[in-house]
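In what follows, a structure is listed as structure tokens, so that the remarks can point back to it.
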Amino acid sequence: MRAVVVEELGAPEVLLHREVTEPTPAPGQITIDVSYAGINFAEVKARAVGYRVTGLPFVPGIEVSGRVRSLGAGVTGLRIGQPVAALLDHGGYADVAVASADRTFAVPDGLDLRTAATLPTVLPTAYALIHHAGRLRAGESVLVQGAAGGVGTVVGQVARRAGAGKVYGVVSHPDKATYALDFGYDEVFVGDDFDRQVAEATDGHGVDLVLDPVGGETWRRSLASLAHYGRLISFGNASDAAPWSAGFADLAPKALSVSALSILGLAAGDAGRLRELTAEAFQLAAAGEVRLPVTAEFALADAADAHRLLESRSSTGKLLLRVSGENG
């Protein structure tokens, strides 16, 4: 079967298109005939610096859609040929992927396999940021970093649906601001001085909830953008800056709270809770209450081009690899 293999860490050129042995499922696992694989920044970091990689060589890819190919011992509730989406440790950039049955989800009625490939990471992350980690209350204001990205385009919609009073976004380029405004945002700020822009937009009050996947200086400015009793949630470190920290002196004057969310960490630590969260989140897609835009699609052999685009910071929405391309 075909797969994209990383034999050494480095630039996108280390993504090699290879013929490899088809995997077989262990107890509690299934294999999936992959239709589409999502492209995520976690995979870029895995390829470049070994993020969450246990050894070389490896096949990247943490989310796929497709049809169940085979069932390992003890697996119930799934059937061969069933359309599914799955969250993986790795292995999604391939014709056939192995998934844990407890992290494999039936595709909701009415959704095709192409759309389903956007679901496993983006929608549960967005839903958890607003409803669980963020605990957004009706009327509160939200600021989202990376508002034109995969999570950003969805979290703005989820926040609006949850009753946010104002939904603000931050992007790096004016073209991205125009794009993001179509996904639930009242106003989108451009540039590194977004904390000043937030202060102007809120008459110096600040926002109640900030969601930040960037880290570094952006994280510090996000903290400065909070209102009294505000909450800041980190859900990534795209800047590759040193880990953030906040002490008593940073938080106490406005009684601020900081926390973090990783959907991969939740998957590894509490698969049952992940299933509950995913079931709640997928209902939004099944009901047509959120749009999950795919803005670029690449052939499996062109995975390096997909990584280059994501690393360029010029992409918007969700990027996919087309594996079999079945969309039924």
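Each chain of the structure tokens is named A, B, ... in the order shown, its residues numbered from 1; ligands are numbered from 1 in display order.
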
Worksheet item: Can you list, as JSON, numbers by chain, every protein, DNA or RNA residue that comes within 7 Å of segment 84-98 of chain A when you count only C-alpha atoms, leaving out same-chain residues fewer than 6 positions away?
Response: {"A": [1, 2, 3, 4, 22, 23, 25, 29, 30, 31, 32, 33, 34, 37, 59, 60, 61, 62, 63, 64, 65, 66, 67, 68, 104, 105, 106, 107, 116, 117, 120, 300, 323]}

Discussion item. List the spatial neighbours of Pro124 of chain A as a PyMOL selection string - criterion: any atom at most 10 Å away, only C-alpha atoms, same-chain residues fewer than 6 positions off excluded.
Written reply: chain A and resi 151+154-155+263+274-282

May I have the residues from that selection written out with all heavy atoms, as an mmCIF file, in the first residue's frame?
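Result saved to part.cif:
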data_model
loop_
_atom_site.group_PDB
_atom_site.id
_atom_site.type_symbol
_atom_site.label_atom_id
_atom_site.label_comp_id
_atom_site.auth_asym_id
_atom_site.auth_seq_id
_atom_site.Cartn_x
_atom_site.Cartn_y
_atom_site.Cartn_z
ATOM 1 N N VAL A 151 -9.330 25.556 13.132
ATOM 2 C CA VAL A 151 -10.092 25.705 14.372
ATOM 3 C C VAL A 151 -10.741 27.073 14.431
ATOM 4 O O VAL A 151 -11.897 27.218 14.841
ATOM 5 C CB VAL A 151 -9.191 25.475 15.603
ATOM 6 C CG1 VAL A 151 -9.948 25.787 16.885
ATOM 7 C CG2 VAL A 151 -8.679 24.039 15.645
ATOM 8 N N VAL A 154 -14.096 27.543 12.789
ATOM 9 C CA VAL A 154 -15.176 26.807 13.446
ATOM 10 C C VAL A 154 -15.506 27.395 14.810
ATOM 11 O O VAL A 154 -16.676 27.540 15.175
ATOM 12 C CB VAL A 154 -14.801 25.317 13.583
ATOM 13 C CG1 VAL A 154 -15.879 24.562 14.347
ATOM 14 C CG2 VAL A 154 -14.613 24.690 12.209
ATOM 15 N N VAL A 155 -14.478 27.783 15.575
ATOM 16 C CA VAL A 155 -14.734 28.249 16.936
ATOM 17 C C VAL A 155 -15.509 29.560 16.939
ATOM 18 O O VAL A 155 -16.310 29.819 17.846
ATOM 19 C CB VAL A 155 -13.411 28.360 17.730
ATOM 20 C CG1 VAL A 155 -12.660 29.632 17.400
ATOM 21 C CG2 VAL A 155 -13.662 28.269 19.225
ATOM 22 N N ILE A 263 -6.548 18.314 22.433
ATOM 23 C CA ILE A 263 -7.464 17.225 22.096
ATOM 24 C C ILE A 263 -6.692 15.907 22.032
ATOM 25 O O ILE A 263 -7.229 14.840 22.359
ATOM 26 C CB ILE A 263 -8.197 17.523 20.765
ATOM 27 C CG1 ILE A 263 -9.511 16.735 20.697
ATOM 28 C CG2 ILE A 263 -7.337 17.273 19.578
ATOM 29 C CD1 ILE A 263 -10.555 17.204 21.669
ATOM 30 N N LEU A 274 -13.467 11.889 25.717
ATOM 31 C CA LEU A 274 -13.335 12.328 24.328
ATOM 32 C C LEU A 274 -14.560 11.894 23.521
ATOM 33 O O LEU A 274 -15.077 12.669 22.713
ATOM 34 C CB LEU A 274 -12.077 11.750 23.703
ATOM 35 C CG LEU A 274 -11.922 12.019 22.199
ATOM 36 C CD1 LEU A 274 -11.649 13.493 21.947
ATOM 37 C CD2 LEU A 274 -10.820 11.155 21.597
ATOM 38 N N ARG A 275 -15.037 10.669 23.723
ATOM 39 C CA ARG A 275 -16.205 10.200 22.980
ATOM 40 C C ARG A 275 -17.429 11.050 23.297
ATOM 41 O O ARG A 275 -18.222 11.387 22.414
ATOM 42 C CB ARG A 275 -16.492 8.731 23.284
ATOM 43 C CG ARG A 275 -15.470 7.759 22.729
ATOM 44 C CD ARG A 275 -16.012 6.337 22.687
ATOM 45 N NE ARG A 275 -17.041 6.206 21.657
ATOM 46 C CZ ARG A 275 -16.779 6.027 20.362
ATOM 47 N NH1 ARG A 275 -15.534 5.961 19.938
ATOM 48 N NH2 ARG A 275 -17.765 5.907 19.496
ATOM 49 N N GLU A 276 -17.626 11.378 24.580
ATOM 50 C CA GLU A 276 -18.760 12.222 24.953
ATOM 51 C C GLU A 276 -18.668 13.591 24.288
ATOM 52 O O GLU A 276 -19.658 14.102 23.742
ATOM 53 C CB GLU A 276 -18.787 12.387 26.475
ATOM 54 C CG GLU A 276 -19.072 11.102 27.241
ATOM 55 C CD GLU A 276 -18.920 11.294 28.738
ATOM 56 O OE1 GLU A 276 -18.631 12.430 29.165
ATOM 57 O OE2 GLU A 276 -19.066 10.303 29.492
ATOM 58 N N LEU A 277 -17.486 14.176 24.344
ATOM 59 C CA LEU A 277 -17.276 15.487 23.741
ATOM 60 C C LEU A 277 -17.504 15.439 22.240
ATOM 61 O O LEU A 277 -18.180 16.304 21.667
ATOM 62 C CB LEU A 277 -15.850 15.961 24.051
ATOM 63 C CG LEU A 277 -15.332 17.161 23.260
ATOM 64 C CD1 LEU A 277 -16.141 18.406 23.574
ATOM 65 C CD2 LEU A 277 -13.844 17.388 23.559
ATOM 66 N N THR A 278 -16.959 14.423 21.588
ATOM 67 C CA THR A 278 -17.076 14.310 20.141
ATOM 68 C C THR A 278 -18.526 14.107 19.721
ATOM 69 O O THR A 278 -18.978 14.681 18.717
ATOM 70 C CB THR A 278 -16.200 13.153 19.639
ATOM 71 O OG1 THR A 278 -14.839 13.413 19.992
ATOM 72 C CG2 THR A 278 -16.299 13.003 18.133
ATOM 73 N N ALA A 279 -19.266 13.312 20.472
ATOM 74 C CA ALA A 279 -20.680 13.112 20.151
ATOM 75 C C ALA A 279 -21.451 14.430 20.203
ATOM 76 O O ALA A 279 -22.277 14.715 19.328
ATOM 77 C CB ALA A 279 -21.287 12.090 21.110
ATOM 78 N N GLU A 280 -21.183 15.238 21.233
ATOM 79 C CA GLU A 280 -21.830 16.544 21.335
ATOM 80 C C GLU A 280 -21.448 17.432 20.155
ATOM 81 O O GLU A 280 -22.295 18.083 19.526
ATOM 82 C CB GLU A 280 -21.423 17.228 22.640
ATOM 83 C CG GLU A 280 -21.890 16.551 23.908
ATOM 84 C CD GLU A 280 -21.299 17.207 25.147
ATOM 85 O OE1 GLU A 280 -20.771 18.329 25.037
ATOM 86 O OE2 GLU A 280 -21.354 16.593 26.230
ATOM 87 N N ALA A 281 -20.152 17.464 19.854
ATOM 88 C CA ALA A 281 -19.657 18.361 18.809
ATOM 89 C C ALA A 281 -20.158 17.952 17.431
ATOM 90 O O ALA A 281 -20.571 18.805 16.625
ATOM 91 C CB ALA A 281 -18.133 18.373 18.840
ATOM 92 N N PHE A 282 -20.145 16.658 17.139
ATOM 93 C CA PHE A 282 -20.555 16.195 15.816
ATOM 94 C C PHE A 282 -22.012 16.525 15.520
ATOM 95 O O PHE A 282 -22.404 16.633 14.352
ATOM 96 C CB PHE A 282 -20.328 14.687 15.695
ATOM 97 C CG PHE A 282 -18.915 14.296 15.333
ATOM 98 C CD1 PHE A 282 -17.855 15.161 15.545
ATOM 99 C CD2 PHE A 282 -18.645 13.043 14.804
ATOM 100 C CE1 PHE A 282 -16.548 14.799 15.228
ATOM 101 C CE2 PHE A 282 -17.343 12.670 14.480
ATOM 102 C CZ PHE A 282 -16.307 13.543 14.693
#

Worksheet entry | Pick from A:Leu119, A:Val53, A:Ala101, A:Val14 nearest to Thr76 of chain A, counting only C-alpha atoms | A:Ala101

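You can rank A:Gly74, A:Arg79, A:Ala11, A:Gln157 by their closest distance to Gly288 of chain A using only C-alpha atoms, and at the top of that list sits A:Gln157.
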
Counting only C-alpha atoms, which residues in segment 279-315 of chain A sit no more than 12 Å from segment 175-181 of chain A? For each one, give the nearest pair of atoms and the distance in Å, sorted by chain then residue number, as a tab-separated table.
residue	atom	partner	partner_atom	distance
A:Pro293	CA	A:Tyr179	CA	11.0
A:Thr295	CA	A:Tyr179	CA	11.1
A:Arg313	CA	A:Lys176	CA	10.1
A:Ser314	CA	A:Lys176	CA	8.1
A:Ser315	CA	A:Lys176	CA	8.5

Take the residues that were just selected and, keeping all heavy atoms, output them as a short mmCIF file (atom, residue, chain, number, x, y, z; two decimals), in the first residue's frame.
data_model
loop_
_atom_site.label_atom_id
_atom_site.label_comp_id
_atom_site.auth_asym_id
_atom_site.auth_seq_id
_atom_site.Cartn_x
_atom_site.Cartn_y
_atom_site.Cartn_z
N PRO A 293 -15.00 24.56 6.39
CA PRO A 293 -14.52 24.82 5.03
C PRO A 293 -13.21 24.11 4.71
O PRO A 293 -12.24 24.19 5.46
CB PRO A 293 -14.33 26.34 5.01
CG PRO A 293 -14.02 26.69 6.44
CD PRO A 293 -14.84 25.73 7.27
N THR A 295 -10.31 24.37 2.14
CA THR A 295 -9.83 25.40 1.21
C THR A 295 -8.74 24.90 0.28
O THR A 295 -8.41 25.59 -0.68
CB THR A 295 -9.31 26.62 1.99
OG1 THR A 295 -8.35 26.17 2.96
CG2 THR A 295 -10.45 27.32 2.72
N ARG A 313 1.90 30.09 6.71
CA ARG A 313 0.94 30.94 7.43
C ARG A 313 0.01 31.70 6.49
O ARG A 313 -0.65 32.65 6.90
CB ARG A 313 1.66 31.96 8.33
CG ARG A 313 2.76 31.37 9.20
CD ARG A 313 2.24 30.55 10.33
NE ARG A 313 3.32 30.05 11.18
CZ ARG A 313 3.16 29.37 12.29
NH1 ARG A 313 1.93 29.10 12.70
NH2 ARG A 313 4.17 28.95 13.00
N SER A 314 -0.04 31.29 5.23
CA SER A 314 -0.90 31.98 4.27
C SER A 314 -2.21 31.24 4.02
O SER A 314 -3.09 31.75 3.33
CB SER A 314 -0.16 32.16 2.93
OG SER A 314 0.15 30.90 2.35
N SER A 315 -2.35 30.04 4.58
CA SER A 315 -3.54 29.24 4.32
C SER A 315 -4.69 29.68 5.20
O SER A 315 -4.50 30.30 6.26
CB SER A 315 -3.26 27.76 4.55
OG SER A 315 -2.94 27.50 5.90
#

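Using only C-alpha atoms, the contacts of His132 of chain A at a cut-off of 12 Å, with sequence neighbours closer than 3 positions omitted, comprise Pro124, Thr125, Ala126, Tyr127, Ala128, Leu129, Arg135, Leu136, Arg137, Ala159, Ala162, Ile233, Ser259, Ala260, Leu261, Arg273, Leu274, Glu276, Leu277, Glu280 and Ala281 of chain A.
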
Which polymer residues have any atom within 8 Å of an atom of Ser172 of chain A, counting only C-alpha atoms, with same-chain residues fewer than 5 positions away left out, as a PDB file with N, CA, C and O atoms, in the first residue's frame?
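The result, stored in result.pdb:
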ATOM      1  N   GLY A 146      -5.648  33.268  15.346  1.00  0.00           N
ATOM      2  CA  GLY A 146      -5.727  32.371  14.194  1.00  0.00           C
ATOM      3  C   GLY A 146      -7.141  32.193  13.699  1.00  0.00           C
ATOM      4  O   GLY A 146      -7.566  31.089  13.374  1.00  0.00           O
ATOM      5  N   VAL A 190      -5.843  42.826  12.701  1.00  0.00           N
ATOM      6  CA  VAL A 190      -4.679  42.409  11.932  1.00  0.00           C
ATOM      7  C   VAL A 190      -3.426  42.987  12.571  1.00  0.00           C
ATOM      8  O   VAL A 190      -3.365  44.189  12.853  1.00  0.00           O
ATOM      9  N   GLY A 191      -2.442  42.128  12.810  1.00  0.00           N
ATOM     10  CA  GLY A 191      -1.150  42.629  13.268  1.00  0.00           C
ATOM     11  C   GLY A 191      -0.832  42.299  14.707  1.00  0.00           C
ATOM     12  O   GLY A 191      -1.665  41.797  15.471  1.00  0.00           O
ATOM     13  N   ASP A 192       0.425  42.602  15.084  1.00  0.00           N
ATOM     14  CA  ASP A 192       0.936  42.244  16.401  1.00  0.00           C
ATOM     15  C   ASP A 192       0.398  43.125  17.520  1.00  0.00           C
ATOM     16  O   ASP A 192       0.523  42.766  18.695  1.00  0.00           O
TER      17      ASP A 192
END

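Atom pair atom CA of Asp195 of chain A / atom CA of Gly216 of chain A: separated by 14.1 Å.
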
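Of the listed residues (A:Gly247, A:Gly152, A:Pro174, A:Gly230), A:Gly152 comes nearest to Pro213 of chain A; the distances count only C-alpha atoms.
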
Practice prompt. Would you please give, as a VMD selection string, all residues of segment 96-302 of chain A that DSSP assigns to helix (DSSP H, G or I) based on the backbone?
Written response: chain A and resid 101 to 103 113 to 116 119 to 133 150 to 161 174 to 183 194 to 201 216 to 224 248 to 254 263 to 269 271 to 286 300 to 302

Worksheet item: Taking only C-alpha atoms into account, which of A:Gln82, A:Thr202, A:Ser262, A:Thr316 comes nearest Leu226 of chain A?
Response: A:Thr202

Worksheet item: Near Arg161 of chain A, counting only C-alpha atoms, which residues have an atom at most 9 Å away, once you skip same-chain residues fewer than 3 positions from it, shown as an NGL selection string?
Response: :A and (156-158 or 164 or 184 or 289-290)

Fill in: Point-to-point distance in Å for atom CA of Glu297 of chain A and atom CA of Leu320 of chain A
4.8 Å

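For the set A:Ala301, A:Ala285, A:Val144, A:Ala99, the residue with the smallest atom-to-atom gap to Ser225 of chain A is A:Val144, counting only C-alpha atoms.
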
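The space separating atom CA of Ala296 of chain A from atom CA of Lys318 of chain A comes to 7.1 Å.
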